[in-house]
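Notes follow the structure.
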Amino acid sequence: MAGLGGKELGARQEGAIGAMFSAIAPRYDALNRLLSLRRDVAWRRAAIASLQCRPGERLLDVATGTADMLLEAAAQCGAGVELHGVDLSGAMLERARRKLRKPGRRVPAALLAGSGVALPYRAEEFDAVCIAFGIRNVADRAGALAEMGRVLRPGGRLAVLEFASETEPVLGGLYGWYLRHVLLRLGGFISGNRDAYRYLHDSVLRFPPTPAFRRLIEAVGFAQVRVMPLTFGIANLFTARKP
Ligand SMILES: C[S@@+](CC[C@H](N)C(=O)[O-])C[C@H]1O[C@@H](n2cnc3c(N)ncnc32)[C@H](O)[C@@H]1O
């Protein structure tokens with residue numbers, strides 16, 4: 001990698017991460033439900049509820065994947081909220097499109113291929129922005145948070161949902177066991193892609209401790225930053241406002 005500039009290195013990393021998610025896209029939803037014992041559904045519900053979207057508002061879901069956050073937003077907020085999603089992976093977006101267009105459901109949402117660190121939107125376009133289980137995959141987390149701030153209007157709301165890298169001591173041992181034996185082994189086995197689930201396991205452990213990530217959200221300029229631990233602190237919901 002010697003000789004590569006920061007931007008080129010970042011683009012290569014993004015390329016590799018996008019390709020990895022494209023490879024696991026066909027089994028991504030089923031594995032999420034299984035590996036989290038469906039807690040992921042409740043966590044996304046809490047994240048969307050925290051945004052309190054109202055008719056006429058515009059919501060952006062960054063790293064939207066297979067669009068579960070957008071589907072939850074459509075269920076909670078109704079047709080009056082304009083929905084947008086962006087993701088690196090073409091295959092994840094393809095599955096998102098299929099889910100959004102499912103007969104009997106037909107959720108109108110605008111999806112774009114793009115990076116969280118260079119969002120393909122104008123400044124102050126959105127009333128609310130969210131990212132679920134996406135920020136830990138982004139090498140330049142401060143850059144991605146700053147981009148979310150750029151596309152939010154003043155007073156706009158942010159919700160970041162992410163696994164915690166550490167939990168309280170009693171649960172910590174159990175959580176470590178779960179990450180090693182359930183997420184890593186079962187995920188690798190069922191998806192047929194052990195490398196991807198090794199990456200997911202490692203990326204959870206590498207994520208900054210909760211207070212440090214909270215400080216990062218504040219450092220990029222967000223106000224009213226709050227953290228809500230979910231399911232014994234396995235995941236955290238960070239909420240904030242653009243001043
Ligand atoms: C673990 S999945 C989460 C998907 C979805 N938000 C959910 O709740 O299920 C992470 C997603 O982040 C996307 N991603 C990773 N890095 C990204 C980046 N820099 N910009 C945009 N999307 C990114 C991946 O392609 C993948 O779809």
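If you're wondering about the labels, chains in the structure tokens are A, B, ... by order shown, residues count from 1 in each chain, ligands from 1 in order shown.
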
Given 9 Å and only C-alpha atoms and all ligand atoms, residues near ligand 1 as a PyMOL selection string: chain A and resi 10-11+13-15+17-22+25+28-29+32+40-41+44+61-69+86-93+113-119+130-141+144+161+200

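The neighbours of Tyr197 in chain A here are the residues that come within 9 Å of it, using only C-alpha atoms and leaving out any residue fewer than 2 positions away in the same chain; they are Leu183, Leu184, Arg185, Leu186, Gly187, Gly188, Ser191, Asn193, Arg194, Asp195, Tyr199, Leu200, His201 and Asp202 of chain A.
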
Residues of the last selection are to be written out with N, CA and C atoms, as a CSV table (one decimal), in the first residue's frame.
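As written to disk, selection-v8.csv reads:
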```
chain,number,residue,atom,x,y,z
A,183,LEU,N,-21.7,-15.4,16.2
A,183,LEU,CA,-21.6,-14.5,15.0
A,183,LEU,C,-20.5,-15.0,14.0
A,184,LEU,N,-19.3,-15.3,14.5
A,184,LEU,CA,-18.2,-15.7,13.7
A,184,LEU,C,-18.5,-17.1,13.0
A,185,ARG,N,-18.8,-18.1,13.8
A,185,ARG,CA,-18.8,-19.4,13.3
A,185,ARG,C,-20.1,-19.7,12.5
A,186,LEU,N,-21.3,-19.4,13.2
A,186,LEU,CA,-22.5,-19.7,12.6
A,186,LEU,C,-22.7,-18.8,11.3
A,187,GLY,N,-22.4,-17.5,11.5
A,187,GLY,CA,-22.5,-16.5,10.4
A,187,GLY,C,-21.7,-17.0,9.2
A,188,GLY,N,-20.4,-17.4,9.5
A,188,GLY,CA,-19.5,-17.8,8.5
A,188,GLY,C,-20.0,-19.1,7.8
A,191,SER,N,-23.5,-18.3,5.8
A,191,SER,CA,-23.4,-17.4,4.7
A,191,SER,C,-22.4,-18.0,3.7
A,193,ASN,N,-19.4,-17.6,3.8
A,193,ASN,CA,-18.3,-16.5,3.6
A,193,ASN,C,-17.7,-16.2,5.0
A,194,ARG,N,-16.8,-17.1,5.4
A,194,ARG,CA,-16.2,-17.0,6.7
A,194,ARG,C,-15.4,-15.7,6.9
A,195,ASP,N,-14.8,-15.2,5.8
A,195,ASP,CA,-14.0,-14.0,5.8
A,195,ASP,C,-14.9,-12.8,6.2
A,199,TYR,N,-14.6,-10.5,9.4
A,199,TYR,CA,-14.5,-9.0,9.3
A,199,TYR,C,-15.6,-8.4,10.3
A,200,LEU,N,-16.8,-8.9,10.2
A,200,LEU,CA,-17.9,-8.3,11.0
A,200,LEU,C,-17.6,-8.4,12.5
A,201,HIS,N,-17.1,-9.6,12.9
A,201,HIS,CA,-16.7,-9.8,14.3
A,201,HIS,C,-15.6,-8.8,14.7
A,202,ASP,N,-14.5,-8.7,13.9
A,202,ASP,CA,-13.4,-7.8,14.2
A,202,ASP,C,-13.8,-6.4,14.2
```

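When only C-alpha atoms are used to measure the gap to Ala23 in chain A, the shortest distance among A:Val220, A:Ala110, A:Leu237, A:Ala196 belongs to A:Ala196.
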
Could you write out, as a PDB file with C-alpha atoms, in the first residue's frame, all the residues of range 21-203 of chain A that DSSP marks as strand (DSSP E or B)?
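Output (states32.pdb):
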```pdb
ATOM      1  CA  ARG A  58     -37.267  14.123   4.235  1.00  0.00           C
ATOM      2  CA  LEU A  59     -35.326  11.247   5.801  1.00  0.00           C
ATOM      3  CA  LEU A  60     -31.966   9.881   4.618  1.00  0.00           C
ATOM      4  CA  ASP A  61     -30.737   6.421   5.631  1.00  0.00           C
ATOM      5  CA  VAL A  62     -26.956   6.174   5.127  1.00  0.00           C
ATOM      6  CA  GLU A  82     -39.962  11.310   1.728  1.00  0.00           C
ATOM      7  CA  LEU A  83     -37.497   8.433   2.023  1.00  0.00           C
ATOM      8  CA  HIS A  84     -33.934   8.281   0.656  1.00  0.00           C
ATOM      9  CA  GLY A  85     -31.209   5.666   1.044  1.00  0.00           C
ATOM     10  CA  VAL A  86     -27.555   5.445  -0.003  1.00  0.00           C
ATOM     11  CA  ASP A  87     -25.102   2.543   0.095  1.00  0.00           C
ATOM     12  CA  ALA A 109     -37.960   5.499  -1.691  1.00  0.00           C
ATOM     13  CA  ALA A 110     -35.107   6.962  -3.725  1.00  0.00           C
ATOM     14  CA  LEU A 111     -31.949   4.839  -3.565  1.00  0.00           C
ATOM     15  CA  LEU A 112     -28.487   5.926  -4.696  1.00  0.00           C
ATOM     16  CA  ALA A 113     -25.127   4.203  -4.864  1.00  0.00           C
ATOM     17  CA  SER A 115     -20.252   6.664  -0.053  1.00  0.00           C
ATOM     18  CA  ALA A 118     -19.036  11.896   0.167  1.00  0.00           C
ATOM     19  CA  PHE A 126     -32.810  16.481   5.033  1.00  0.00           C
ATOM     20  CA  ASP A 127     -34.803  16.857   8.250  1.00  0.00           C
ATOM     21  CA  ALA A 128     -33.507  13.567   9.653  1.00  0.00           C
ATOM     22  CA  VAL A 129     -30.548  11.279   8.911  1.00  0.00           C
ATOM     23  CA  CYS A 130     -29.882   7.802  10.269  1.00  0.00           C
ATOM     24  CA  ILE A 131     -27.279   5.073   9.939  1.00  0.00           C
ATOM     25  CA  ALA A 132     -27.746   1.557  11.336  1.00  0.00           C
ATOM     26  CA  LEU A 152     -29.042  17.955   7.608  1.00  0.00           C
ATOM     27  CA  ARG A 153     -30.893  21.240   7.926  1.00  0.00           C
ATOM     28  CA  PRO A 154     -30.236  23.282  11.104  1.00  0.00           C
ATOM     29  CA  GLY A 155     -32.244  21.650  13.900  1.00  0.00           C
ATOM     30  CA  GLY A 156     -32.282  18.335  11.967  1.00  0.00           C
ATOM     31  CA  ARG A 157     -32.094  15.032  13.856  1.00  0.00           C
ATOM     32  CA  LEU A 158     -29.475  12.291  13.721  1.00  0.00           C
ATOM     33  CA  ALA A 159     -29.775   8.642  14.855  1.00  0.00           C
ATOM     34  CA  VAL A 160     -26.783   6.265  14.834  1.00  0.00           C
ATOM     35  CA  LEU A 161     -27.369   2.619  15.709  1.00  0.00           C
ATOM     36  CA  GLU A 162     -24.306   0.463  16.319  1.00  0.00           C
ATOM     37  CA  PHE A 163     -23.076  -2.556  18.225  1.00  0.00           C
TER      38      PHE A 163
END
```

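When only C-alpha atoms are used to compute distances to Leu230 in chain A, the closest of the residues A:Cys77, A:Ala164, A:Glu125, A:Leu205 turns out to be A:Ala164.
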
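From CA of Thr167 in chain A back to CA of Ile234 in chain A, the distance works out to 6.4 Å.
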
Correct to one decimal, the distance CA of Gly143 in chain A-CA of Ala42 in chain A is 28.2 Å

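Of the listed residues A:Val81, A:Ala47, A:Leu31, A:Ala123, the one whose atoms come nearest to Phe238 in chain A is A:Ala47, with distances taken using only C-alpha atoms.
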